[in-house]
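Peer 1: The structure that follows is given in the form of structure tokens.
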Amino acid sequence: MKNSRKLTWVLLILALGIWGIIGFKIYDSTSTTEEFDLAMKVPRDIAGKREIDRYIYVNDVRDPFRYTEPFRKDTTRKSEAQKPAWMPPPLKLTGILLANKQRTAMLEGNNGSVFFVHEGDTLSGTRVLKISGNSVTYLYQKKKTEWVLNNTQN
């Protein structure tokens with residue numbers, strides 16, 4: 001019990017000492033009358049000794065967020081809506097499996113993932129229409145095309 005009272009008084013004195021040092025530093029930094037502040041090493045009367053640098057903003061650059069002229073459509077020509085070029089799906093045919101008279105196409109994606117699809121299945125917008133012996137007919141973006149299985153056997 002006596003040890004805890006002694007420890008409390010020691011900690012209290014230590015805390016008061018630390019706060020006293022902090023208070024003294026604040027008081028000392030605000031009451032200095034010297035020409036130079038030794039802590040910062042900058043003259044106190046800097047505004048009277050030196051001219052203030054100023055930047056003058058010149059508005060000669062177009063603001064990208066302000067539209068001063070409305071967008072005008074060219075009415076002299078008929079603009080034709082250009083369709084983007086058709087790109088095949090990001091899949092390739094890697095094999096055709098036959099089990100119990102049911103064919104399964106093995107497709108490989110760009111990232112190496114493998115998918116097994118049957119006739120009528122849809123995979124990322126690609127609908128498999130027909131699976132034959134060495135080709136798969138599919139519908140992608142309203143265009144009917146087919147993959148042909150490459151035979152690279154030796």
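Every chain in the structure tokens has a letter given in the order shown (A, B, ...), and although residue numbers restart at 1 in each chain, ligands are simply numbered from 1 in the order shown.
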For Trp86 in chain A, list every protein, DNA or RNA residue within 10 Å, evaluated using only C-alpha atoms, and leave out those in the same chain fewer than 4 positions away; present the list as a PyMOL selection string.

Peer 2: chain A and resi 140-141+143

Peer 1: Between CA of His118 in chain A and CA of Ile131 in chain A, what is the spacing in Å?

Peer 2: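 Computed distance, CA of Ile131 in chain A to CA of His118 in chain A, equals 7.7 Å.
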
Peer 1: Counting only C-alpha atoms, what is within 12 Å of range 88-98 of chain A, bar same-chain residues fewer than 5 positions away, as number ranges by chain?

Peer 2: A: 103-119, 122-128, 130-152

Peer 1: For the selection you just gave me, I'd like the residues written to a file as a compact mmCIF listing (two decimals), in the first residue's frame, keeping N, CA and C atoms.

Peer 2:
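Result file selection_24.txt:
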```txt
# COMPACT_ATOMS: atom_id res chain seq x y z
N ARG A 103 -22.12 -34.55 -77.26
CA ARG A 103 -20.85 -33.89 -77.49
C ARG A 103 -20.69 -32.70 -76.55
N THR A 104 -19.46 -32.53 -76.09
CA THR A 104 -19.12 -31.43 -75.19
C THR A 104 -17.91 -30.72 -75.78
N ALA A 105 -18.01 -29.40 -75.90
CA ALA A 105 -16.89 -28.61 -76.42
C ALA A 105 -16.09 -28.08 -75.25
N MET A 106 -14.77 -28.14 -75.41
CA MET A 106 -13.88 -27.65 -74.38
C MET A 106 -13.30 -26.32 -74.88
N LEU A 107 -13.63 -25.22 -74.19
CA LEU A 107 -13.19 -23.88 -74.59
C LEU A 107 -12.21 -23.34 -73.57
N GLU A 108 -11.22 -22.59 -74.06
CA GLU A 108 -10.22 -21.99 -73.18
C GLU A 108 -10.30 -20.48 -73.29
N GLY A 109 -10.32 -19.81 -72.13
CA GLY A 109 -10.38 -18.34 -72.09
C GLY A 109 -8.99 -17.73 -72.15
N ASN A 110 -8.94 -16.40 -72.18
CA ASN A 110 -7.66 -15.68 -72.26
C ASN A 110 -6.78 -15.94 -71.05
N ASN A 111 -7.39 -16.05 -69.88
CA ASN A 111 -6.60 -16.21 -68.66
C ASN A 111 -6.27 -17.66 -68.35
N GLY A 112 -6.56 -18.57 -69.29
CA GLY A 112 -6.23 -19.97 -69.09
C GLY A 112 -7.34 -20.80 -68.49
N SER A 113 -8.48 -20.21 -68.20
CA SER A 113 -9.58 -20.98 -67.62
C SER A 113 -10.22 -21.84 -68.71
N VAL A 114 -10.68 -23.00 -68.33
CA VAL A 114 -11.26 -23.97 -69.26
C VAL A 114 -12.74 -24.13 -68.95
N PHE A 115 -13.57 -24.16 -70.01
CA PHE A 115 -15.02 -24.29 -69.86
C PHE A 115 -15.50 -25.47 -70.71
N PHE A 116 -16.45 -26.22 -70.18
CA PHE A 116 -17.06 -27.32 -70.90
C PHE A 116 -18.49 -26.92 -71.19
N VAL A 117 -18.87 -26.87 -72.48
CA VAL A 117 -20.21 -26.43 -72.87
C VAL A 117 -20.84 -27.45 -73.80
N HIS A 118 -22.17 -27.48 -73.75
CA HIS A 118 -22.96 -28.35 -74.63
C HIS A 118 -23.73 -27.47 -75.61
N GLU A 119 -24.41 -28.10 -76.55
CA GLU A 119 -25.23 -27.36 -77.50
C GLU A 119 -26.33 -26.62 -76.74
N THR A 122 -24.76 -20.98 -73.09
CA THR A 122 -24.26 -19.63 -73.36
C THR A 122 -23.13 -19.34 -72.38
N LEU A 123 -22.03 -18.80 -72.92
CA LEU A 123 -20.85 -18.49 -72.12
C LEU A 123 -20.35 -17.12 -72.52
N SER A 124 -20.42 -16.17 -71.60
CA SER A 124 -19.98 -14.78 -71.80
C SER A 124 -20.48 -14.20 -73.12
N GLY A 125 -21.76 -14.35 -73.38
CA GLY A 125 -22.38 -13.77 -74.58
C GLY A 125 -22.26 -14.63 -75.82
N THR A 126 -21.63 -15.79 -75.72
CA THR A 126 -21.45 -16.68 -76.85
C THR A 126 -22.38 -17.87 -76.68
N ARG A 127 -23.30 -18.06 -77.63
CA ARG A 127 -24.25 -19.17 -77.56
C ARG A 127 -23.79 -20.28 -78.50
N VAL A 128 -23.61 -21.47 -77.97
CA VAL A 128 -23.17 -22.62 -78.75
C VAL A 128 -24.39 -23.19 -79.46
N LYS A 130 -24.19 -25.55 -82.46
CA LYS A 130 -24.04 -26.95 -82.87
C LYS A 130 -22.59 -27.37 -82.67
N ILE A 131 -22.43 -28.60 -82.18
CA ILE A 131 -21.11 -29.19 -82.01
C ILE A 131 -21.03 -30.38 -82.97
N SER A 132 -20.12 -30.29 -83.95
CA SER A 132 -19.95 -31.40 -84.90
C SER A 132 -18.64 -32.10 -84.60
N GLY A 133 -18.14 -32.92 -85.53
CA GLY A 133 -16.96 -33.73 -85.30
C GLY A 133 -15.70 -32.93 -85.00
N ASN A 134 -15.43 -31.86 -85.76
CA ASN A 134 -14.21 -31.08 -85.52
C ASN A 134 -14.46 -29.58 -85.52
N SER A 135 -15.71 -29.16 -85.39
CA SER A 135 -16.01 -27.72 -85.35
C SER A 135 -17.19 -27.45 -84.43
N VAL A 136 -17.27 -26.20 -83.99
CA VAL A 136 -18.36 -25.76 -83.13
C VAL A 136 -18.93 -24.49 -83.73
N THR A 137 -20.23 -24.47 -84.00
CA THR A 137 -20.89 -23.29 -84.54
C THR A 137 -21.47 -22.51 -83.36
N TYR A 138 -21.23 -21.18 -83.37
CA TYR A 138 -21.69 -20.36 -82.25
C TYR A 138 -22.25 -19.04 -82.76
N LEU A 139 -23.00 -18.37 -81.91
CA LEU A 139 -23.59 -17.06 -82.21
C LEU A 139 -23.04 -16.07 -81.20
N TYR A 140 -22.39 -15.02 -81.73
CA TYR A 140 -21.79 -14.01 -80.85
C TYR A 140 -22.06 -12.64 -81.45
N GLN A 141 -22.69 -11.76 -80.71
CA GLN A 141 -23.05 -10.40 -81.13
C GLN A 141 -23.80 -10.44 -82.47
N LYS A 142 -24.80 -11.30 -82.53
CA LYS A 142 -25.69 -11.45 -83.68
C LYS A 142 -24.97 -11.89 -84.95
N LYS A 143 -23.85 -12.54 -84.80
CA LYS A 143 -23.10 -13.05 -85.95
C LYS A 143 -22.82 -14.53 -85.72
N LYS A 144 -23.16 -15.32 -86.73
CA LYS A 144 -23.00 -16.76 -86.63
C LYS A 144 -21.64 -17.13 -87.24
N THR A 145 -20.80 -17.81 -86.47
CA THR A 145 -19.46 -18.18 -86.89
C THR A 145 -19.14 -19.56 -86.31
N GLU A 146 -17.99 -20.09 -86.65
CA GLU A 146 -17.63 -21.38 -86.07
C GLU A 146 -16.14 -21.43 -85.76
N TRP A 147 -15.84 -22.24 -84.76
CA TRP A 147 -14.47 -22.58 -84.41
C TRP A 147 -14.16 -23.92 -85.06
N VAL A 148 -12.97 -24.06 -85.57
CA VAL A 148 -12.54 -25.33 -86.14
C VAL A 148 -11.41 -25.86 -85.25
N LEU A 149 -11.50 -27.13 -84.95
CA LEU A 149 -10.51 -27.76 -84.08
C LEU A 149 -9.24 -28.01 -84.89
N ASN A 150 -8.12 -27.50 -84.40
CA ASN A 150 -6.84 -27.70 -85.06
C ASN A 150 -6.28 -29.05 -84.66
N ASN A 151 -6.01 -29.91 -85.66
CA ASN A 151 -5.41 -31.22 -85.38
C ASN A 151 -3.91 -31.08 -85.50
N THR A 152 -3.23 -31.05 -84.38
CA THR A 152 -1.78 -30.93 -84.38
C THR A 152 -1.13 -32.21 -83.86
```
